[in-house]
Structures are given as C-alpha cells and as structure tokens.
Amino acid sequence: MYFSPSVDDNQDAYYIIGISMSYQTVEYELDQQIATIRLNRPQCLNAMNRQLVDDVTAAFRRANRDERARVILFCGAGRAFCAGDDRRAHQHFEDEAAAREFVDAIQQATREIVYGDKLVVGAIQGWAVGGGFEWAINCDLTLWATDARAFFPEVSLNLLVTGGITSLLPALVGLNKAREMLLLGEKYDAVTLHALGLATRVVDEDRLMTEARAMAGRVAELPVFSSRAMKRVLNQVAMQSIETALELETEATVAGFLDPETTRLLQDF
C-alpha cells in the first residue's frame, strides 16, 4: 500500500509539538475542535490526481489521531467539491502492479474516512462526480448546496466505482435505485439526492459553509464515546459488506485501468 510522505509518524510528531504539516493539494486547519479538510485544486474543480488522493488520506489520518479534533469537516475550495478523476493526469497502465497500487491508494482514502473514529460532516457544492461523489457518500452527514450536482460516470468509462459504493449506495437508496444510478450515470440535483437519502440537508449556496460549521459544532459537543461508537456500530451493522465491496471494486477497477479502451474513453470524457 502506498502512502505519501505526509503520513509518516515523524511528521505526526512534528505536528504534536506545533509545527504544522503541509499538503500540496489539501488545506488543513483546526479551529474550535473542528478539523477542516479542504480539497484545494480549484483551477480544475478539485479533480482527483494521485497527489490529492494521498493528501486526503494523510489529512484524515492526521485528524483522526489529533485528540484536539472532535469532528472533521470535509469540503472543497472554489466552485466544486470534486469533479472526479483528473483526465489530464491519467496515463494508461501497462503494469498490473502499478494499477493495483493506484487503486489501493484510492481505497485507502475511503478507509480513513469511513473507519476513522471521528464523525465526518461533508459540505458539497458544485459538482461531485465519480470519486468526488463517492467521498461525499463516505461522509457521515452531508450538507449539499442548492447548486450541487452529482453523478457516476464510471461504467460509461469502462470502469467500476470505488470507495465501497457498491455496498454503501444500495444500503442508502435500495438496490434497484443503486443499479439505475451506477449503470445509467444520470445527473442528480441536490433536492433529488436529499429525497433519495443521500443528502442530510440542502442549504442555499451562500450559507453552505456557515451551516456546515454549525452542524460540525453540534457534533463536536456530543459525548466522545457515544458519538464514535454510534458511527462504528452503524457502519458495521448497516454496511456489513463494505470491506468485501472495497476488495471486489479494487479487482474490477484494476482490470479496467489495464484496458486501453478505458484510457480512450477517459480522454474523450
């Protein structure tokens, strides 16, 4: 499994004594027990490249280890939360080991979000596409701006979703609706996502961060034991197959990345 250098234990030690860690593609701040992790590639709508995936993993690991943080707020800079894969950064994989290492890194980001102790509040604006939509669903509570839109293009690109979505999505919306969303790749607005149970609340775009911080503040005030136990038990009971889903998704996605047709479709997307 690959981790960026920002995950090193030595750097965690530096942070503890007050030297903040830096990331290339993510902003991290701790304020009033809220650890904010903000995707920071606004020039490309926070599209996912390898560095962003690694930085998200590192930042969530940091927040989950920091005893001063009681809740994590996950958001994106600029006009979008995350527009999915950065097709400009995509290169065709000839080697299975390289493809597997890349997909493992993607899945590790989800493990940090879903399996981490801290509850995660997502603030979603603009586009949440593919992997960005997956990260939104990985959150425990999500506020979506009225301008937000989301969809899964993966099947049309000769790929499979990652992020445990083959377990999480059917648990949230039912198997038939999950099939429709994943196979047809249709676009959904925030109001529809709320009706489907994928958005906790829908708020005006200019109120998104204010409302998200307010919700994060409420979560931070909850007793530590019961709130963290609730997250753990809900995930284990409601989504018992998530680890199996992560493993099966990895195998299918690795195979997809090795197919030259995938690269052609991504470049045309």
# chains A, B, ... in the order shown; residues from 1 in each chain; ligands from 1
$ residues_around --residues "range 96-99 of chain A" --least-positions-apart "6" --cutoff "9 Å" --atoms "only C-alpha atoms" --output "VMD selection string"
chain A and resid 253 to 255 257 to 258
$ residues_around --residues "Ala238 in chain A" --least-positions-apart "5" --cutoff "9 Å" --atoms "only C-alpha atoms" --output "PDB file with N, CA and C atoms, in the first residue's frame"
ATOM      1  N   LEU A 168     -22.262   0.752   0.050  1.00  0.00           N
ATOM      2  CA  LEU A 168     -22.886   1.917   0.678  1.00  0.00           C
ATOM      3  C   LEU A 168     -24.132   2.382  -0.049  1.00  0.00           C
ATOM      4  N   ALA A 171     -27.290   0.278   0.356  1.00  0.00           N
ATOM      5  CA  ALA A 171     -27.763   0.394   1.741  1.00  0.00           C
ATOM      6  C   ALA A 171     -28.522   1.690   1.958  1.00  0.00           C
ATOM      7  N   VAL A 233     -20.787   1.389  15.060  1.00  0.00           N
ATOM      8  CA  VAL A 233     -21.814   0.346  15.052  1.00  0.00           C
ATOM      9  C   VAL A 233     -22.723   0.489  13.837  1.00  0.00           C
TER      10      VAL A 233
END
$ closest_residue --among "A:Ala58, A:Ala128, A:Val114, A:Ile106" --to "Leu141 in chain A" --atoms "only C-alpha atoms"
A:Val114
$ residues_around --residues "range 181-183 of chain A" --least-positions-apart "4" --cutoff "8 Å" --atoms "only C-alpha atoms" --output "JSON, numbers by chain"
{"A": [151, 152, 153, 154, 155, 156, 177]}
$ closest_residue --among "A:His194, A:Arg68, A:Arg79, A:Arg228" --to "Trp127 in chain A" --atoms "only C-alpha atoms"
A:Arg79
$ residues_around --residues "Gly84 in chain A" --least-positions-apart "6" --cutoff "6 Å" --atoms "only C-alpha atoms" --output "number ranges by chain"
A: 47-48, 129-132
$ write_last_selection --atoms "N, CA and C atoms" --output "mmCIF file, in the first residue's frame"
data_model
loop_
_atom_site.group_PDB
_atom_site.id
_atom_site.type_symbol
_atom_site.label_atom_id
_atom_site.label_comp_id
_atom_site.auth_asym_id
_atom_site.auth_seq_id
_atom_site.Cartn_x
_atom_site.Cartn_y
_atom_site.Cartn_z
ATOM 1 N N ALA A 47 -10.407 18.217 -9.171
ATOM 2 C CA ALA A 47 -10.340 16.880 -9.770
ATOM 3 C C ALA A 47 -9.244 16.069 -9.092
ATOM 4 N N MET A 48 -9.440 14.750 -9.062
ATOM 5 C CA MET A 48 -8.571 13.846 -8.315
ATOM 6 C C MET A 48 -7.360 13.415 -9.145
ATOM 7 N N VAL A 129 -18.494 14.411 -8.721
ATOM 8 C CA VAL A 129 -18.541 13.462 -9.837
ATOM 9 C C VAL A 129 -17.654 12.260 -9.534
ATOM 10 N N GLY A 130 -18.131 11.067 -9.832
ATOM 11 C CA GLY A 130 -17.309 9.871 -9.698
ATOM 12 C C GLY A 130 -16.730 9.739 -8.301
ATOM 13 N N GLY A 131 -15.399 9.769 -8.218
ATOM 14 C CA GLY A 131 -14.737 9.662 -6.930
ATOM 15 C C GLY A 131 -15.137 10.760 -5.965
ATOM 16 N N GLY A 132 -15.462 11.946 -6.472
ATOM 17 C CA GLY A 132 -15.933 13.025 -5.612
ATOM 18 C C GLY A 132 -17.287 12.712 -4.999
#
$ residues_around --residues "Leu157 in chain A" --least-positions-apart "2" --cutoff "9 Å" --atoms "only C-alpha atoms" --output "PyMOL selection string"
chain A and resi 153-155+159-160+256+261-266+269
$ write_last_selection --atoms "N, CA and C atoms" --output "short mmCIF file (atom, residue, chain, number, x, y, z; two decimals), in the first residue's frame"
data_model
loop_
_atom_site.label_atom_id
_atom_site.label_comp_id
_atom_site.auth_asym_id
_atom_site.auth_seq_id
_atom_site.Cartn_x
_atom_site.Cartn_y
_atom_site.Cartn_z
N PRO A 153 -20.01 8.48 -13.59
CA PRO A 153 -19.74 8.18 -15.00
C PRO A 153 -18.94 6.89 -15.21
N GLU A 154 -18.57 6.20 -14.14
CA GLU A 154 -17.57 5.13 -14.24
C GLU A 154 -17.91 4.05 -15.25
N VAL A 155 -19.13 3.52 -15.22
CA VAL A 155 -19.46 2.41 -16.12
C VAL A 155 -19.32 2.85 -17.58
N LEU A 159 -15.11 1.46 -16.34
CA LEU A 159 -14.57 1.29 -15.00
C LEU A 159 -15.67 0.91 -14.02
N LEU A 160 -15.28 0.65 -12.79
CA LEU A 160 -16.21 0.39 -11.71
C LEU A 160 -16.01 1.49 -10.67
N GLY A 256 -10.04 -2.67 -15.27
CA GLY A 256 -10.49 -1.59 -16.15
C GLY A 256 -9.35 -0.66 -16.55
N GLU A 261 -9.09 0.70 -23.83
CA GLU A 261 -10.36 1.36 -24.11
C GLU A 261 -10.71 2.35 -23.01
N THR A 262 -10.34 2.05 -21.78
CA THR A 262 -10.61 2.95 -20.66
C THR A 262 -9.89 4.28 -20.86
N THR A 263 -8.63 4.22 -21.24
CA THR A 263 -7.85 5.44 -21.47
C THR A 263 -8.48 6.27 -22.57
N ARG A 264 -8.92 5.64 -23.65
CA ARG A 264 -9.56 6.38 -24.74
C ARG A 264 -10.83 7.07 -24.27
N LEU A 265 -11.65 6.35 -23.50
CA LEU A 265 -12.91 6.92 -23.02
C LEU A 265 -12.66 8.06 -22.05
N LEU A 266 -11.66 7.91 -21.17
CA LEU A 266 -11.34 8.99 -20.23
C LEU A 266 -10.87 10.24 -20.95
N PHE A 269 -13.84 12.01 -22.39
CA PHE A 269 -14.90 12.39 -21.44
C PHE A 269 -14.96 13.90 -21.25
#
$ closest_atom_pairs --of "range 72-110 of chain A" --to "range 26-38 of chain A" --cutoff "7 Å" --atoms "only C-alpha atoms" --output "tab-separated table"
residue	atom	partner	partner_atom	distance
A:Ile72	CA	A:Ala35	CA	4.8
A:Leu73	CA	A:Thr36	CA	4.6
A:Phe74	CA	A:Ile37	CA	5.0
A:Cys75	CA	A:Arg38	CA	4.8
A:Gly76	CA	A:Arg38	CA	4.9
A:Ala77	CA	A:Arg38	CA	6.3
$ residues_around --residues "Ala178 in chain A" --least-positions-apart "5" --cutoff "8 Å" --atoms "only C-alpha atoms" --output "list in words"
Leu169, Pro170 and Val173 of chain A
$ write_last_selection --atoms "C-alpha atoms" --output "PDB file, in the first residue's frame"
ATOM      1  CA  LEU A 169     -25.183   3.060  -2.126  1.00  0.00           C
ATOM      2  CA  PRO A 170     -27.618   0.086  -2.068  1.00  0.00           C
ATOM      3  CA  VAL A 173     -31.091   4.097  -1.652  1.00  0.00           C
TER       4      VAL A 173
END
